[in-house]
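Pasting protein_23.pdb here (PDB, C-alpha atoms, pLDDT in the B column):
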```pdb
ATOM      1  CA  MET J   1     175.289 129.080 172.885  1.00 56.00           C
ATOM      2  CA  ALA J   2     172.458 131.488 173.646  1.00 74.00           C
ATOM      3  CA  ASP J   3     169.743 130.391 176.025  1.00 87.00           C
ATOM      4  CA  PRO J   4     166.740 128.853 174.249  1.00 91.00           C
ATOM      5  CA  LEU J   5     163.676 131.011 173.720  1.00 95.00           C
ATOM      6  CA  ARG J   6     160.923 130.200 176.211  1.00 97.00           C
ATOM      7  CA  VAL J   7     157.619 129.398 174.524  1.00 98.00           C
ATOM      8  CA  VAL J   8     154.053 128.560 175.567  1.00 98.00           C
ATOM      9  CA  ILE J   9     151.843 126.594 173.163  1.00 97.00           C
ATOM     10  CA  VAL J  10     148.129 127.433 173.259  1.00 97.00           C
ATOM     11  CA  ASP J  11     145.894 125.102 171.261  1.00 95.00           C
ATOM     12  CA  ASP J  12     142.821 123.061 172.180  1.00 93.00           C
ATOM     13  CA  HIS J  13     144.107 119.881 170.498  1.00 93.00           C
ATOM     14  CA  SER J  14     146.509 117.956 172.700  1.00 94.00           C
ATOM     15  CA  ILE J  15     147.857 115.868 169.820  1.00 94.00           C
ATOM     16  CA  PHE J  16     148.807 119.013 167.912  1.00 93.00           C
ATOM     17  CA  ARG J  17     150.528 120.474 170.984  1.00 95.00           C
ATOM     18  CA  SER J  18     152.515 117.280 171.492  1.00 95.00           C
ATOM     19  CA  GLY J  19     153.520 117.077 167.841  1.00 94.00           C
ATOM     20  CA  LEU J  20     154.568 120.707 167.703  1.00 95.00           C
ATOM     21  CA  ARG J  21     156.596 120.401 170.894  1.00 94.00           C
ATOM     22  CA  ALA J  22     158.467 117.458 169.381  1.00 94.00           C
ATOM     23  CA  ASP J  23     159.102 119.274 166.077  1.00 94.00           C
ATOM     24  CA  LEU J  24     160.511 122.525 167.452  1.00 95.00           C
ATOM     25  CA  ASP J  25     164.288 122.792 167.318  1.00 93.00           C
ATOM     26  CA  ALA J  26     166.754 123.113 170.190  1.00 92.00           C
ATOM     27  CA  SER J  27     166.634 126.923 170.144  1.00 92.00           C
ATOM     28  CA  VAL J  28     163.086 126.787 171.512  1.00 95.00           C
ATOM     29  CA  GLU J  29     162.065 125.521 174.959  1.00 96.00           C
ATOM     30  CA  VAL J  30     158.379 124.850 175.662  1.00 97.00           C
ATOM     31  CA  VAL J  31     157.698 126.016 179.229  1.00 97.00           C
ATOM     32  CA  GLY J  32     153.924 125.603 179.246  1.00 97.00           C
ATOM     33  CA  GLU J  33     150.801 124.563 177.383  1.00 97.00           C
ATOM     34  CA  ALA J  34     147.132 125.503 177.519  1.00 97.00           C
ATOM     35  CA  ALA J  35     143.918 124.436 175.814  1.00 95.00           C
ATOM     36  CA  ASP J  36     141.520 127.316 176.534  1.00 95.00           C
ATOM     37  CA  VAL J  37     141.443 131.023 177.284  1.00 94.00           C
ATOM     38  CA  PRO J  38     141.494 130.951 181.132  1.00 94.00           C
ATOM     39  CA  SER J  39     144.285 128.374 181.379  1.00 96.00           C
ATOM     40  CA  ALA J  40     146.283 130.173 178.675  1.00 96.00           C
ATOM     41  CA  ILE J  41     146.142 133.469 180.549  1.00 95.00           C
ATOM     42  CA  ALA J  42     147.153 131.726 183.763  1.00 96.00           C
ATOM     43  CA  VAL J  43     150.166 129.901 182.321  1.00 97.00           C
ATOM     44  CA  ILE J  44     151.398 132.966 180.420  1.00 96.00           C
ATOM     45  CA  VAL J  45     151.221 135.137 183.532  1.00 95.00           C
ATOM     46  CA  GLU J  46     152.977 132.420 185.556  1.00 96.00           C
ATOM     47  CA  THR J  47     155.801 131.603 183.126  1.00 96.00           C
ATOM     48  CA  ALA J  48     156.287 134.951 181.310  1.00 95.00           C
ATOM     49  CA  PRO J  49     157.498 133.293 178.084  1.00 96.00           C
ATOM     50  CA  ASP J  50     159.328 135.085 175.289  1.00 96.00           C
ATOM     51  CA  VAL J  51     156.760 133.998 172.696  1.00 96.00           C
ATOM     52  CA  VAL J  52     153.299 132.402 172.749  1.00 97.00           C
ATOM     53  CA  LEU J  53     152.274 130.156 169.852  1.00 97.00           C
ATOM     54  CA  LEU J  54     148.572 130.901 169.805  1.00 96.00           C
ATOM     55  CA  ASP J  55     145.665 129.282 167.996  1.00 94.00           C
ATOM     56  CA  VAL J  56     143.056 131.899 167.103  1.00 90.00           C
ATOM     57  CA  HIS J  57     140.059 129.665 167.863  1.00 90.00           C
ATOM     58  CA  LEU J  58     139.917 128.632 171.513  1.00 91.00           C
ATOM     59  CA  PRO J  59     137.165 127.765 173.982  1.00 87.00           C
ATOM     60  CA  GLY J  60     136.532 130.272 176.740  1.00 83.00           C
ATOM     61  CA  GLY J  61     136.318 133.513 174.779  1.00 72.00           C
ATOM     62  CA  GLU J  62     133.388 135.844 175.350  1.00 70.00           C
ATOM     63  CA  GLY J  63     131.760 138.837 173.681  1.00 58.00           C
ATOM     64  CA  ASP J  64     133.883 140.589 171.077  1.00 56.00           C
ATOM     65  CA  ASP J  65     136.735 138.178 171.817  1.00 56.00           C
ATOM     66  CA  ALA J  66     134.619 135.069 171.292  1.00 60.00           C
ATOM     67  CA  THR J  67     137.130 133.416 168.969  1.00 72.00           C
ATOM     68  CA  GLY J  68     139.484 133.186 171.929  1.00 86.00           C
ATOM     69  CA  GLY J  69     142.870 134.239 170.594  1.00 89.00           C
ATOM     70  CA  GLU J  70     142.268 137.929 171.117  1.00 90.00           C
ATOM     71  CA  ALA J  71     141.028 137.278 174.661  1.00 91.00           C
ATOM     72  CA  VAL J  72     144.311 135.592 175.556  1.00 94.00           C
ATOM     73  CA  ILE J  73     146.366 138.515 174.251  1.00 91.00           C
ATOM     74  CA  ARG J  74     144.241 141.164 175.951  1.00 89.00           C
ATOM     75  CA  GLY J  75     143.992 139.138 179.157  1.00 91.00           C
ATOM     76  CA  THR J  76     147.761 139.109 179.628  1.00 91.00           C
ATOM     77  CA  ARG J  77     148.464 142.793 178.933  1.00 83.00           C
ATOM     78  CA  PRO J  78     150.720 144.530 179.773  1.00 81.00           C
ATOM     79  CA  THR J  79     153.499 142.067 179.068  1.00 84.00           C
ATOM     80  CA  THR J  80     156.812 141.802 177.248  1.00 89.00           C
ATOM     81  CA  THR J  81     155.687 138.454 175.796  1.00 94.00           C
ATOM     82  CA  ARG J  82     155.139 138.415 172.048  1.00 94.00           C
ATOM     83  CA  PHE J  83     152.363 136.458 170.361  1.00 95.00           C
ATOM     84  CA  LEU J  84     152.592 134.457 167.145  1.00 95.00           C
ATOM     85  CA  ALA J  85     149.301 133.124 165.805  1.00 94.00           C
ATOM     86  CA  LEU J  86     149.524 129.537 164.561  1.00 92.00           C
ATOM     87  CA  SER J  87     146.239 128.378 163.107  1.00 88.00           C
ATOM     88  CA  VAL J  88     144.632 126.115 160.536  1.00 86.00           C
ATOM     89  CA  SER J  89     142.505 129.097 159.481  1.00 82.00           C
ATOM     90  CA  ASP J  90     143.703 131.364 156.679  1.00 73.00           C
ATOM     91  CA  ALA J  91     140.561 133.527 156.696  1.00 77.00           C
ATOM     92  CA  ALA J  92     141.229 137.246 156.366  1.00 74.00           C
ATOM     93  CA  ALA J  93     138.921 138.078 159.290  1.00 77.00           C
ATOM     94  CA  ASP J  94     140.826 135.765 161.646  1.00 80.00           C
ATOM     95  CA  VAL J  95     144.175 137.172 160.573  1.00 82.00           C
ATOM     96  CA  VAL J  96     143.120 140.787 161.009  1.00 79.00           C
ATOM     97  CA  ARG J  97     141.361 140.243 164.353  1.00 83.00           C
ATOM     98  CA  VAL J  98     144.333 138.670 166.087  1.00 87.00           C
ATOM     99  CA  ILE J  99     146.819 141.157 164.620  1.00 84.00           C
ATOM    100  CA  ARG J 100     144.646 144.050 165.782  1.00 82.00           C
ATOM    101  CA  ALA J 101     144.651 142.493 169.251  1.00 85.00           C
ATOM    102  CA  GLY J 102     148.441 142.578 169.304  1.00 87.00           C
ATOM    103  CA  ALA J 103     149.893 139.437 167.695  1.00 90.00           C
ATOM    104  CA  ARG J 104     153.236 139.982 165.945  1.00 89.00           C
ATOM    105  CA  GLY J 105     152.626 137.456 163.211  1.00 88.00           C
ATOM    106  CA  TYR J 106     150.401 134.752 161.786  1.00 90.00           C
ATOM    107  CA  ILE J 107     151.447 131.463 160.215  1.00 90.00           C
ATOM    108  CA  THR J 108     149.405 128.416 159.283  1.00 87.00           C
ATOM    109  CA  LYS J 109     149.605 124.918 160.706  1.00 87.00           C
ATOM    110  CA  GLY J 110     150.973 123.670 157.418  1.00 84.00           C
ATOM    111  CA  SER J 111     154.323 125.133 158.501  1.00 87.00           C
ATOM    112  CA  SER J 112     157.112 122.711 159.416  1.00 90.00           C
ATOM    113  CA  GLY J 113     158.713 122.557 162.851  1.00 91.00           C
ATOM    114  CA  ARG J 114     161.772 124.320 161.470  1.00 91.00           C
ATOM    115  CA  GLU J 115     159.641 127.079 159.946  1.00 91.00           C
ATOM    116  CA  VAL J 116     157.777 127.581 163.214  1.00 94.00           C
ATOM    117  CA  SER J 117     161.074 127.706 165.107  1.00 94.00           C
ATOM    118  CA  GLU J 118     162.410 130.316 162.667  1.00 92.00           C
ATOM    119  CA  ALA J 119     159.218 132.344 163.054  1.00 92.00           C
ATOM    120  CA  VAL J 120     159.506 132.205 166.844  1.00 95.00           C
ATOM    121  CA  ARG J 121     163.054 133.552 166.666  1.00 93.00           C
ATOM    122  CA  ALA J 122     162.044 136.319 164.271  1.00 90.00           C
ATOM    123  CA  VAL J 123     159.106 137.419 166.430  1.00 91.00           C
ATOM    124  CA  ALA J 124     161.255 137.317 169.572  1.00 91.00           C
ATOM    125  CA  GLU J 125     163.689 139.675 167.831  1.00 88.00           C
ATOM    126  CA  GLY J 126     160.900 142.124 167.008  1.00 84.00           C
ATOM    127  CA  ASP J 127     160.088 141.192 163.420  1.00 84.00           C
ATOM    128  CA  ALA J 128     156.595 140.581 162.074  1.00 82.00           C
ATOM    129  CA  VAL J 129     156.128 137.176 160.438  1.00 86.00           C
ATOM    130  CA  PHE J 130     153.351 136.052 158.102  1.00 84.00           C
ATOM    131  CA  SER J 131     152.767 133.093 155.851  1.00 79.00           C
ATOM    132  CA  PRO J 132     153.192 134.610 152.358  1.00 70.00           C
ATOM    133  CA  ARG J 133     149.568 134.588 151.231  1.00 68.00           C
ATOM    134  CA  LEU J 134     148.378 136.114 154.512  1.00 72.00           C
ATOM    135  CA  ALA J 135     150.543 139.238 154.439  1.00 66.00           C
ATOM    136  CA  GLY J 136     148.227 140.960 151.961  1.00 64.00           C
ATOM    137  CA  PHE J 137     145.290 140.735 154.373  1.00 61.00           C
ATOM    138  CA  VAL J 138     147.252 142.664 156.964  1.00 63.00           C
ATOM    139  CA  LEU J 139     148.506 145.260 154.516  1.00 61.00           C
ATOM    140  CA  ASP J 140     144.988 145.861 153.218  1.00 61.00           C
ATOM    141  CA  ALA J 141     143.590 146.157 156.741  1.00 57.00           C
ATOM    142  CA  PHE J 142     146.220 148.567 158.013  1.00 57.00           C
ATOM    143  CA  GLY J 143     146.055 151.414 155.582  1.00 51.00           C
ATOM    144  CA  ALA J 144     146.909 150.313 152.042  1.00 46.00           C
ATOM    145  CA  VAL J 145     144.323 152.072 149.862  1.00 40.00           C
ATOM    146  CA  ALA J 146     143.455 150.833 146.367  1.00 39.00           C
ATOM    147  CA  GLY J 147     144.539 153.171 143.633  1.00 39.00           C
ATOM    148  CA  GLU J 148     147.429 154.733 145.506  1.00 41.00           C
ATOM    149  CA  THR J 149     150.652 154.897 143.565  1.00 40.00           C
ATOM    150  CA  ALA J 150     154.212 154.684 144.712  1.00 40.00           C
ATOM    151  CA  THR J 151     155.803 158.018 145.523  1.00 47.00           C
ATOM    152  CA  ALA J 152     159.199 156.601 146.424  1.00 53.00           C
ATOM    153  CA  THR J 153     161.024 156.764 143.095  1.00 62.00           C
ATOM    154  CA  ASP J 154     164.085 158.413 144.604  1.00 69.00           C
ATOM    155  CA  GLU J 155     164.255 155.832 147.383  1.00 78.00           C
ATOM    156  CA  LEU J 156     163.802 152.930 144.964  1.00 79.00           C
ATOM    157  CA  ASP J 157     166.580 154.314 142.795  1.00 79.00           C
ATOM    158  CA  ARG J 158     168.949 153.525 145.652  1.00 86.00           C
ATOM    159  CA  LEU J 159     168.233 149.814 145.169  1.00 88.00           C
ATOM    160  CA  SER J 160     169.434 147.567 142.382  1.00 88.00           C
ATOM    161  CA  SER J 161     166.808 145.638 140.419  1.00 82.00           C
ATOM    162  CA  ARG J 162     167.677 142.459 142.350  1.00 87.00           C
ATOM    163  CA  GLU J 163     167.447 144.292 145.673  1.00 89.00           C
ATOM    164  CA  GLN J 164     163.994 145.547 144.675  1.00 87.00           C
ATOM    165  CA  GLU J 165     162.877 141.976 143.914  1.00 87.00           C
ATOM    166  CA  VAL J 166     164.162 140.750 147.256  1.00 91.00           C
ATOM    167  CA  MET J 167     162.650 143.741 149.056  1.00 91.00           C
ATOM    168  CA  ARG J 168     159.152 143.057 147.706  1.00 86.00           C
ATOM    169  CA  LEU J 169     159.228 139.361 148.621  1.00 88.00           C
ATOM    170  CA  ILE J 170     160.610 139.972 152.112  1.00 89.00           C
ATOM    171  CA  ALA J 171     158.068 142.755 152.701  1.00 86.00           C
ATOM    172  CA  ARG J 172     155.280 140.343 151.712  1.00 82.00           C
ATOM    173  CA  GLY J 173     156.356 137.966 154.463  1.00 84.00           C
ATOM    174  CA  TYR J 174     158.381 135.406 152.528  1.00 86.00           C
ATOM    175  CA  ALA J 175     161.048 133.512 154.469  1.00 88.00           C
ATOM    176  CA  TYR J 176     164.643 133.781 153.261  1.00 90.00           C
ATOM    177  CA  LYS J 177     164.572 130.246 151.861  1.00 90.00           C
ATOM    178  CA  GLU J 178     161.365 131.032 149.932  1.00 87.00           C
ATOM    179  CA  VAL J 179     162.956 134.138 148.423  1.00 88.00           C
ATOM    180  CA  ALA J 180     166.037 132.123 147.512  1.00 89.00           C
ATOM    181  CA  ALA J 181     163.923 129.486 145.764  1.00 86.00           C
ATOM    182  CA  ALA J 182     161.801 132.057 143.911  1.00 83.00           C
ATOM    183  CA  LEU J 183     164.821 133.980 142.605  1.00 86.00           C
ATOM    184  CA  PHE J 184     167.184 131.013 142.168  1.00 86.00           C
ATOM    185  CA  ILE J 185     169.818 132.440 144.484  1.00 90.00           C
ATOM    186  CA  SER J 186     171.367 131.216 147.733  1.00 91.00           C
ATOM    187  CA  ILE J 187     169.981 132.016 151.186  1.00 92.00           C
ATOM    188  CA  LYS J 188     173.291 133.754 151.978  1.00 92.00           C
ATOM    189  CA  THR J 189     172.802 136.002 148.956  1.00 92.00           C
ATOM    190  CA  VAL J 190     169.278 136.836 150.143  1.00 92.00           C
ATOM    191  CA  GLU J 191     170.657 137.776 153.569  1.00 92.00           C
ATOM    192  CA  THR J 192     173.234 140.038 151.920  1.00 93.00           C
ATOM    193  CA  HIS J 193     170.573 141.766 149.794  1.00 93.00           C
ATOM    194  CA  VAL J 194     168.264 142.260 152.796  1.00 93.00           C
ATOM    195  CA  SER J 195     171.074 143.854 154.819  1.00 92.00           C
ATOM    196  CA  SER J 196     171.838 146.166 151.901  1.00 92.00           C
ATOM    197  CA  VAL J 197     168.169 147.101 151.430  1.00 92.00           C
ATOM    198  CA  LEU J 198     167.698 147.929 155.108  1.00 92.00           C
ATOM    199  CA  ARG J 199     170.904 149.988 155.150  1.00 90.00           C
ATOM    200  CA  LYS J 200     170.038 151.950 151.990  1.00 89.00           C
ATOM    201  CA  LEU J 201     166.478 152.653 153.148  1.00 89.00           C
ATOM    202  CA  GLN J 202     167.616 153.416 156.701  1.00 88.00           C
ATOM    203  CA  LEU J 203     165.301 150.785 158.192  1.00 89.00           C
ATOM    204  CA  SER J 204     166.062 148.457 161.082  1.00 86.00           C
ATOM    205  CA  SER J 205     163.848 145.384 160.625  1.00 86.00           C
ATOM    206  CA  ARG J 206     161.619 143.385 158.301  1.00 83.00           C
ATOM    207  CA  HIS J 207     158.616 144.828 160.136  1.00 82.00           C
ATOM    208  CA  GLU J 208     159.672 148.371 159.228  1.00 84.00           C
ATOM    209  CA  LEU J 209     160.348 147.251 155.655  1.00 88.00           C
ATOM    210  CA  THR J 210     156.824 145.842 155.317  1.00 84.00           C
ATOM    211  CA  ALA J 211     155.327 149.087 156.635  1.00 81.00           C
ATOM    212  CA  TRP J 212     157.553 151.146 154.310  1.00 83.00           C
ATOM    213  CA  ALA J 213     156.591 149.132 151.238  1.00 81.00           C
ATOM    214  CA  SER J 214     152.900 149.113 152.145  1.00 75.00           C
ATOM    215  CA  GLU J 215     152.780 152.909 152.542  1.00 72.00           C
ATOM    216  CA  ARG J 216     154.237 153.265 149.045  1.00 73.00           C
ATOM    217  CA  ARG J 217     152.014 150.641 147.403  1.00 68.00           C
ATOM    218  CA  LEU J 218     155.044 148.602 146.391  1.00 73.00           C
ATOM    219  CA  LEU J 219     153.478 145.232 147.147  1.00 63.00           C
TER     220      LEU J 219
END
```

As structure tokens, the full file:
Amino acid sequence: MADPLRVVIVDDHSIFRSGLRADLDASVEVVGEAADVPSAIAVIVETAPDVVLLDVHLPGGEGDDATGGEAVIRGTRPTTTRFLALSVSDAAADVVRVIRAGARGYITKGSSGREVSEAVRAVAEGDAVFSPRLAGFVLDAFGAVAGETATATDELDRLSSREQEVMRLIARGYAYKEVAAALFISIKTVETHVSSVLRKLQLSSRHELTAWASERRLL
């Protein structure tokens, strides 16, 4: 069995940290916790985790980073650690700010322990992960311009109609199980379609797929 991913939880509510720690699965090991910006920076530098689960609103931020989450990310650069925002907020401004600072994803606190664990694994592997309704904020903020039309007809022709459906949902940030439920197919079938889509489009990850689809206004 592979070694568990090492994670730090940063949130100013101790009860939430305790509950999340208990809900994460065996593939994730919590190696530290913090409740504010200075202590978060200290524990991340000390433990060098694979992933930080980061609330976007934390005490201790100053100036342009007053919400706190961005200050933690910038205060620990350069680092190989990846950051996954985990917040009760689903405001577009919060999502965009922390992604601009360097977070690899953003999910809400309504996510289950299993969903958070899956997101941690995905981020650790280099993917970008977003709760479905939040992905649009990021796409809008990072270059999708209203009125643009898709110019990828030839590329889309490589995909079957089902592969195109799966591609759009995955690119919007849906988890495999959510795609399976929406299209009434099995998770294994979703995995097969995603592998085929990435191969046909010559892409290597969900993150690249999201960028590809956004550039072509396919979302």

Residues matched by the PyMOL selection byres ((chain J and resi 177) around 12) as a count of residues only:
24

Edge lengths and centre, in Å to one decimal, as JSON: that's what I need for the box along x, y and z that holds all listed atoms of stretch 89-101 of chain J plus 8 Å on each side.
```
{"center_x": 142.9, "center_y": 136.6, "center_z": 162.8, "size_x": 23.9, "size_y": 31.0, "size_z": 28.9}
```

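Here the question is which of J:Ser196, J:Thr76, J:Ser117, J:Thr67 gets nearest to J:Ala22 using only C-alpha atoms, and that residue is J:Ser117.
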
Given the choices J:Asp90, J:Asp157, J:Glu163, J:Glu62, which gets closest to J:Leu134 if the distance is worked out from all atoms listed in the file?
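Once distances to J:Leu134 are computed over all atoms listed in the file, the minimum belongs to J:Asp90.
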
May I ask for the distance between atom CA of J:Tyr106 and atom CA of J:Ser131, given in Å to one decimal place?
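About the pair atom CA of J:Tyr106 and atom CA of J:Ser131: they are 6.6 Å apart.
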
Please compute the atom CA of J:Asp127-atom CA of J:Ile107 distance, one decimal, in Å.
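Value for the atom CA of J:Asp127-atom CA of J:Ile107 distance: 13.4 Å.
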
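Rounded to one decimal, atom CA of J:Val123 and atom CA of J:Arg104 lie 6.4 Å from each other.
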
Apply the PyMOL selection byres ((chain J and resi 97) around 10) to the displayed file and report the matching residues as a PyMOL selection string.
chain J and resi 56+65+67+69-70+92-96+98-103+138+141

If we count only C-alpha atoms and set the cut-off at 12 Å, which residues sit around J:Gly19, ignoring sequence neighbours fewer than 5 positions away in its own chain? Please answer as a PyMOL selection string.
chain J and resi 9+11+13-14+24+109+112-113

Keeping only C-alpha atoms, take the residues you just selected and write them out as a PDB file, in the frame of the given file.
```pdb
ATOM      1  CA  ILE J   9     151.843 126.594 173.163  1.00 97.00           C
ATOM      2  CA  ASP J  11     145.894 125.102 171.261  1.00 95.00           C
ATOM      3  CA  HIS J  13     144.107 119.881 170.498  1.00 93.00           C
ATOM      4  CA  SER J  14     146.509 117.956 172.700  1.00 94.00           C
ATOM      5  CA  LEU J  24     160.511 122.525 167.452  1.00 95.00           C
ATOM      6  CA  LYS J 109     149.605 124.918 160.706  1.00 87.00           C
ATOM      7  CA  SER J 112     157.112 122.711 159.416  1.00 90.00           C
ATOM      8  CA  GLY J 113     158.713 122.557 162.851  1.00 91.00           C
TER       9      GLY J 113
END
```

I need the residue set behind the PyMOL selection byres ((chain J and resi 200) around 12) for this file; please write it as number ranges by chain.
J: 154-160, 163-164, 167, 193-199, 201-204, 209

Name the residues, using the chain letters and numbers of the file, that sit within 10 Å of (156.1, 132.7, 182.7) when counting all atoms listed in the file, and give them as a PyMOL selection string.
chain J and resi 6-8+31-32+42-50+81

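With only C-alpha atoms as the atoms that count, the residue of J:Ala128, J:Ala2, J:Val10, J:Ile41 with the shortest distance to J:Ala26 is J:Ala2.
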
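Distances from J:Pro78, J:Gly110, J:Gly105, J:Pro38 to J:Ala124 were compared using all atoms listed in the file, and the smallest one belongs to J:Gly105.
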